[in-house]
Amino acid sequence: MKKLCIAVLLLVSLGTFCLAADKVEVPDSCKHCGMDRTKFAHSRMIVTYSDGSSTGTCSINCVVTDLKETKKEVKSFQVADYNTKKLIDAKTATWVIGGTKKGVMTKTAKWAFAEKADAAAFIKANGGTLADFDETLKAAERDKADRAKSMKPQEHKGHGDHKM
């Protein structure tokens, strides 16, 4: 019985450790839309400002919202590599805009890759076009502006509106 209890404790501890290992850095949810950043670990971003503050979002699309609201000088942008979910420098990442994979908080998907070969493989399988960070940020800004023009007064931002 004692061995069984120890085995159960080990399994529970291992399960808890594995869940914690899969969890992303704080915050748990996107400040702007409330989406779970662990669930969207493949598209999440962190913006660090020159004053030392930072914001964690679910995607580049919510980064656009943050930049408009804070109007602070940006020190760095980090984005998750689509395949590994590890944070990389968003400015040096290879981005893919569009394709058949549904985007996060947008009609037009935007994915980041640490390696250009991974982005090319993604395009071969799912479509889309290669882009750099500046092009991708501008595309996200256009998407946000287009969405704002088409929204009805009673609609609001957030993860509850999945009509994107």
# chains A, B, ... in the order shown; residues from 1 in each chain; ligands from 1
call {"tool": "residues_around", "arguments": {"residues": "stretch 95-107 of chain A", "least_positions_apart": "5", "cutoff": "10 Å", "atoms": "only C-alpha atoms", "output": "PyMOL selection string"}}
result
chain A and resi 33+35+40+42-44+58-62+81-82+90+112-116+119-120+122-136+139-140+143-144+147+157-159+161-164
call {"tool": "select_by_dssp", "arguments": {"residues": "stretch 8-156 of chain A", "states": "strand (DSSP E)", "output": "PyMOL selection string"}}
result
chain A and resi 45-49+54-57+74-80+87-89+94-97+110-113+129-131
call {"tool": "write_last_selection", "arguments": {"atoms": "N, CA and C atoms", "output": "short mmCIF file (atom, residue, chain, number, x, y, z; two decimals), in the first residue's frame"}}
result
data_model
loop_
_atom_site.label_atom_id
_atom_site.label_comp_id
_atom_site.auth_asym_id
_atom_site.auth_seq_id
_atom_site.Cartn_x
_atom_site.Cartn_y
_atom_site.Cartn_z
N MET A 45 3.06 37.17 -27.88
CA MET A 45 4.13 38.16 -27.97
C MET A 45 4.33 38.84 -26.63
N ILE A 46 5.51 39.42 -26.47
CA ILE A 46 5.82 40.30 -25.34
C ILE A 46 6.45 41.56 -25.91
N VAL A 47 5.89 42.70 -25.53
CA VAL A 47 6.46 44.00 -25.89
C VAL A 47 7.10 44.55 -24.63
N THR A 48 8.37 44.91 -24.72
CA THR A 48 9.07 45.53 -23.59
C THR A 48 9.32 46.98 -23.97
N TYR A 49 8.95 47.87 -23.06
CA TYR A 49 9.09 49.30 -23.31
C TYR A 49 10.36 49.85 -22.66
N SER A 54 6.33 45.99 -19.49
CA SER A 54 6.11 45.08 -20.62
C SER A 54 4.65 44.65 -20.63
N THR A 55 4.23 44.17 -21.80
CA THR A 55 2.88 43.66 -21.98
C THR A 55 2.95 42.34 -22.71
N GLY A 56 2.22 41.35 -22.22
CA GLY A 56 2.12 40.06 -22.89
C GLY A 56 0.79 39.98 -23.61
N THR A 57 0.82 39.61 -24.88
CA THR A 57 -0.40 39.51 -25.67
C THR A 57 -0.51 38.12 -26.29
N VAL A 74 9.27 51.65 -27.63
CA VAL A 74 9.48 50.20 -27.54
C VAL A 74 10.97 49.89 -27.47
N LYS A 75 11.32 49.03 -26.52
CA LYS A 75 12.70 48.54 -26.41
C LYS A 75 12.86 47.26 -27.23
N SER A 76 11.87 46.34 -27.13
CA SER A 76 11.98 45.09 -27.89
C SER A 76 10.62 44.43 -28.06
N PHE A 77 10.56 43.60 -29.11
CA PHE A 77 9.40 42.76 -29.37
C PHE A 77 9.87 41.32 -29.37
N GLN A 78 9.19 40.46 -28.64
CA GLN A 78 9.46 39.03 -28.70
C GLN A 78 8.18 38.34 -29.17
N VAL A 79 8.37 37.29 -29.95
CA VAL A 79 7.25 36.52 -30.48
C VAL A 79 7.58 35.05 -30.36
N ALA A 80 6.57 34.23 -30.28
CA ALA A 80 6.79 32.79 -30.22
C ALA A 80 7.06 32.25 -31.62
N LEU A 87 10.17 31.90 -27.33
CA LEU A 87 10.22 33.31 -27.68
C LEU A 87 11.50 33.63 -28.45
N ILE A 88 11.32 34.41 -29.51
CA ILE A 88 12.44 34.85 -30.35
C ILE A 88 12.28 36.34 -30.60
N ASP A 89 13.31 36.97 -31.14
CA ASP A 89 13.25 38.38 -31.49
C ASP A 89 12.30 38.54 -32.68
N THR A 94 11.32 35.35 -39.26
CA THR A 94 10.72 35.30 -40.59
C THR A 94 9.22 35.12 -40.39
N TRP A 95 8.45 36.00 -40.96
CA TRP A 95 7.01 36.01 -40.77
C TRP A 95 6.30 35.46 -42.00
N VAL A 96 5.15 34.87 -41.78
CA VAL A 96 4.27 34.43 -42.86
C VAL A 96 2.92 35.11 -42.64
N ILE A 97 2.45 35.77 -43.69
CA ILE A 97 1.15 36.43 -43.65
C ILE A 97 0.20 35.66 -44.55
N LYS A 110 -0.98 35.68 -39.12
CA LYS A 110 0.40 36.17 -39.11
C LYS A 110 1.19 35.28 -38.15
N TRP A 111 2.17 34.55 -38.68
CA TRP A 111 2.94 33.59 -37.89
C TRP A 111 4.42 33.93 -37.99
N ALA A 112 5.15 33.69 -36.91
CA ALA A 112 6.59 33.96 -36.87
C ALA A 112 7.37 32.64 -36.79
N PHE A 113 8.53 32.64 -37.41
CA PHE A 113 9.41 31.47 -37.42
C PHE A 113 10.84 31.92 -37.17
N THR A 129 2.47 34.25 -47.53
CA THR A 129 3.63 34.89 -48.14
C THR A 129 4.64 35.28 -47.06
N LEU A 130 5.92 35.27 -47.43
CA LEU A 130 6.98 35.67 -46.52
C LEU A 130 6.91 37.18 -46.28
N ALA A 131 7.26 37.58 -45.07
CA ALA A 131 7.28 39.01 -44.72
C ALA A 131 8.30 39.24 -43.61
#
call {"tool": "select_by_dssp", "arguments": {"residues": "stretch 31-115 of chain A", "states": "helix (DSSP H, G or I)", "output": "ChimeraX atom specification"}}
result
/A:60-70
call {"tool": "write_last_selection", "arguments": {"atoms": "N, CA, C and O atoms", "output": "short mmCIF file (atom, residue, chain, number, x, y, z; two decimals), in the first residue's frame"}}
result
data_model
loop_
_atom_site.label_atom_id
_atom_site.label_comp_id
_atom_site.auth_asym_id
_atom_site.auth_seq_id
_atom_site.Cartn_x
_atom_site.Cartn_y
_atom_site.Cartn_z
N ILE A 60 0.25 39.35 -32.52
CA ILE A 60 0.68 40.66 -33.02
C ILE A 60 -0.52 41.59 -33.19
O ILE A 60 -0.38 42.81 -33.11
N ASN A 61 -1.68 41.02 -33.39
CA ASN A 61 -2.87 41.84 -33.55
C ASN A 61 -3.22 42.59 -32.28
O ASN A 61 -3.63 43.74 -32.32
N CYS A 62 -3.02 41.97 -31.12
CA CYS A 62 -3.24 42.67 -29.85
C CYS A 62 -2.06 43.57 -29.50
O CYS A 62 -2.22 44.53 -28.75
N VAL A 63 -0.89 43.31 -30.06
CA VAL A 63 0.25 44.22 -29.89
C VAL A 63 -0.11 45.58 -30.50
O VAL A 63 0.20 46.62 -29.93
N VAL A 64 -0.78 45.57 -31.64
CA VAL A 64 -1.20 46.82 -32.28
C VAL A 64 -2.06 47.64 -31.31
O VAL A 64 -1.85 48.85 -31.17
N THR A 65 -2.97 47.00 -30.64
CA THR A 65 -3.82 47.67 -29.65
C THR A 65 -2.96 48.26 -28.54
O THR A 65 -3.15 49.41 -28.14
N ASP A 66 -2.01 47.46 -28.05
CA ASP A 66 -1.15 47.93 -26.95
C ASP A 66 -0.33 49.14 -27.37
O ASP A 66 -0.22 50.11 -26.61
N LEU A 67 0.22 49.11 -28.56
CA LEU A 67 1.04 50.23 -29.04
C LEU A 67 0.21 51.51 -29.14
O LEU A 67 0.70 52.59 -28.80
N LYS A 68 -1.03 51.38 -29.59
CA LYS A 68 -1.91 52.55 -29.69
C LYS A 68 -2.26 53.10 -28.32
O LYS A 68 -2.34 54.31 -28.13
N GLU A 69 -2.50 52.21 -27.37
CA GLU A 69 -2.93 52.64 -26.04
C GLU A 69 -1.80 53.21 -25.20
O GLU A 69 -1.99 54.16 -24.46
N THR A 70 -0.61 52.60 -25.28
CA THR A 70 0.49 53.02 -24.40
C THR A 70 1.27 54.20 -24.93
O THR A 70 1.72 55.03 -24.17
#
